[in-house]
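Here's the structure we're looking at; comments come further down.
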Amino acid sequence: MPDTIPADSVGLVTEQRLAFDEPLALDCGRSLARFDLVYETYGELNADASNAVLICHALSGDHHAAGYRDAADRKPGWWDTVIGPGKPIDTRRFFVVCPNNIGSCKGSTGPNTVNPDTGRYYGPDFPIVTCGDWARAQERLMRALGIPCWAAVVGPSLGGMQVLQWAIDFPDALRHAIVVAAAPKLTAQNIAFNEVARQAITSDPDFHDGHFYEHDVVPRRGLMLARMLGHITYLSDSAMRAKFGRELRAGRLAYSFESEFEVESYLRYQGRQFVDRFDANSYLLMTKSLDYFDPAANANDSLSAALSPARARFLVMAFTSDWRFSPARSREIVKALLDTHKRVTYAEIDADHGHDAFLMPIPQYLDVFGAYMERIAAETAGAEHAA
Amino acid sequence: MKLRRDLELIADWIRPGSHVLDLGCGDGTLLAHLYESKGVTGYGLEIDPENIARCIARGVDVIQTDLDRGLQEFESDGFDHVVMTQSLQALHFPDRVLEEMLRVGREAITSFPNMGHWKCRLQLALGGHMPVTRTLPHHWYDTPNIHMCTVHDFERLCRARGYEVLERAAVDRHHRATPGARMLPNVFGESALYRFRRAG
């Protein structure tokens with residue numbers, strides 16, 4: 001944490017936890033008898049509970065979206081760029097809720113938590129969860145917090161898929177849907193990358209079919225490889241070239257297989273960091289949830305038919321150099337909305353950072369995002385005044 | 001807020017409650033006016049990032065698009081009106097865009113600066129240089145207006161393509177329909193506005 005908390009930061013934040021005792025039926029046919037959600041909130045809920053914004057996190061994200069957990073925290077939450085006083089999701093006007101999804105590994109019920117029925121870690125027995133399951137779990141949280149309808153549901157990447165799911169499954173529970181750097185479903189290439197990541201994890205001898213907790217080990221090599229691969233797909237070719245080029249760490253070739261190029265050492269560093277903060281079983285689950293997401297599959301492969309129940313207004317944003325979820329994928333979502341005369345705005349942000357651009361303070365991105373949120377805040381304030 | 005007079009003219013041509021697509025919608029002024037005064041629905045297409053933010057601030061549903069890429073994202077006959085003001089002359093393929101306008105919309109409305117205006121004719125005929133006027137302030141080398149035409153040219157294209165002109169307005173610099181511009185639009189009109197559809 002910096003010595004003084006910046007004026008546009010939500011400051012120190014504390015995670016909260018809620019236990020849900022009613023069984024949650026899952027898309028896979030199984031159900032969770034009970035589950036916990038950890039979450040963070042920023043800002044204040046207004047009198048008529050009309051200013052609440054739900055943030056849905058991406059694959060390796062969590063509930064810590066903004067601010068600092070303690071004075072020793074080196075970095076703020078993952079979406080601190082857009083959440084805070086004076087930022088696009090302005091915490092002086094909105095009450096922001098960000099839960100950690102079930103199946104993830106940051107405190108909500110997931111493979112690295114203990115199954116109360118067996119007294120053992122869920123591990124690989126944790127059911128495969130989908131965006132639909134997440135939306136249902138988040139809806140329980142919404143009700144528990146006394147929120148009748150979100151002013152907006154917002155998410156990047158896999159989070160954007162949850163936003164689409166919300167708009168379809170709970171059309172009356174959100175006024176705006178903000179879908180950032182997402183896609184209506186994965187391509188074969190996307191699934192292929194996920195499959196290599198999963199193979200890297202499951203073929204690690206320390207994986208033990210997912211029961212590595214009992215062996216007191218972590219499939220480090222596999223998880224590290226999975227993350228290194230993922231990281232390549234989050235950056236653009238030009239961003240990598242600009243950041244690393246062909247720079248050598250030692251300044252000259254060593255004719256060895258040690259990490260020589262800067263980009264190699266960067267990827268290894270990213271991989272090692274990830275191993276310490278993420279669970280291998282959760283990584284498998286998250287990639288599966290990505291692979292399975294395809295709302296059109298239930299509507300004769302017509303995305304516009306799938307989105308027809310939606311009543312929210314949409315803001316869709318994509319980044320020019322994102323090849324993981326390219327602007328063309330976002331335009332598929334836009335087209336499906338246009339075809340059924342839904343209200344939608346689309347911005348294609350000129351950015352060099354690849355998929356990771358949604359984390360970056362790009363002026364055009366913040367302007368568009370801010371203008372849209374400002375509009376929501378104005379209509380929320382108007383409605384509150386009228387009531 | 002007072003609407004620019006040419007936009008007012010266009011707004012008069014649009015039926016209440018219709019579904020409208022505004023190509024090159026700028027800061028969203030026209031659509032915001034149509035939403036409010038005519039209960040219209042629809043979208044603006046715009047390429048400039050600053051204008052995108054301005055449209056959003058006005059509550060206009062804007063889609064960031066390069067018009068030269070065409071309207072392939074739009075289904076045929078999805079709109080009652082497709083509007084394009086003062087952008088025709090800046091497109092790489094204006095004729096294809098007109099064709100697309102009449103594919104996705106039942107009626108099209110467009111406006112453009114008239115190169116046939118007497119000041120342009122004088123500058124070229126007597127001055128021997130490319131016209132620079134208050135409506136067309138750019139020089140030949142820095143102008144975004146790469147496909148200038150006259151009232152005559154436009155109507156000839158309409159005939160050749162089988163478009164039926166439903167309404168025409170020729171206006172001066174202040175977007176007023178002067179008697180001269182009514183009588184001799186290709187000489188006294190600085191801008192021309194058209195409402196047209198596919199004939200038959």
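Here, A, B, ... name the chains of the structure tokens in the order displayed, residue numbers run from 1 inside each chain, and ligands are numbered from 1 in the same displayed order.
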**OP:** Taking only C-alpha atoms into account, report as number ranges by chain which residues of chain A lie within 12 Å of chain B.
**Re:** A: 313-320, 327-328, 330-350, 363-379
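Within 8 Å of segment 159-168 of chain B there are Glu155, Arg156, Ala192, Leu193, Tyr194, Arg195, Phe196, Arg197, Arg198 and Ala199 of chain B, counting only C-alpha atoms and ignoring same-chain residues fewer than 3 positions away.
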Original post:
If you count only C-alpha atoms, which residues fall within 9 Å of segment 13-17 of chain B, apart from same-chain ones fewer than 5 positions away, as an NGL selection string?
Top reply: :B and (8 or 34-35 or 37-41 or 80-81 or 109 or 167 or 195)
Those residues you just picked out, can you put them in a file as a tab-separated table (two decimals), in the first residue's frame with C-alpha atoms?
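Result file follows (selection_21.tsv):
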```tsv
chain	number	residue	atom	x	y	z
B	8	GLU	CA	-34.91	20.15	-37.48
B	34	LEU	CA	-35.88	12.24	-31.72
B	35	TYR	CA	-36.00	10.01	-28.60
B	37	SER	CA	-39.76	14.64	-29.07
B	38	LYS	CA	-40.92	11.75	-31.25
B	39	GLY	CA	-40.70	8.66	-29.08
B	40	VAL	CA	-38.32	7.21	-31.62
B	41	THR	CA	-36.06	4.21	-30.86
B	80	ASP	CA	-38.06	2.69	-40.70
B	81	HIS	CA	-35.54	5.46	-41.42
B	109	ILE	CA	-32.52	10.53	-45.41
B	167	GLU	CA	-38.67	15.02	-50.51
B	195	ARG	CA	-35.65	11.68	-48.29
```
**OP:** Go through segment 127-180 of chain B and collect every residue that DSSP, computed from the backbone, puts in strand (DSSP E); the answer should be as a VMD selection string.
**Re:** chain B and resid 163 to 171
Subject >> Shell around segment 179-192 of chain A at 9 Å using only C-alpha atoms, local window under 3 positions removed, as a PyMOL selection string >> reply: chain A and resi 153-164+195-197+287-288+290-296+303+314-319+322+324-333+355+357-358
**OP:** For each of B:Leu71, B:Val104, B:Leu91, B:Leu31, take the minimum atom-to-atom distance to His147 of chain B, counting only C-alpha atoms, then give the residue where this is smallest.
**Re:** B:Leu91
**OP:** Give me the residues within 10 Å of Lys243 of chain A as a list in words, counting only C-alpha atoms and dropping any in the same chain fewer than 6 places off.
**Re:**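 Contacts, with the query itself left out: Asp237, Glu262 and Val263 of chain A.
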Those residues you just picked out, can you put them in a file as a CSV table (one decimal), in the first residue's frame with N, CA and C atoms?
```csv
chain,number,residue,atom,x,y,z
A,237,ASP,N,0.7,-9.5,-29.3
A,237,ASP,CA,2.1,-9.6,-29.9
A,237,ASP,C,2.8,-8.3,-29.7
A,262,GLU,N,14.2,-12.0,-21.6
A,262,GLU,CA,13.4,-11.3,-20.6
A,262,GLU,C,12.0,-11.9,-20.5
A,263,VAL,N,11.5,-12.2,-21.7
A,263,VAL,CA,10.1,-12.6,-21.8
A,263,VAL,C,10.0,-14.0,-21.0
```
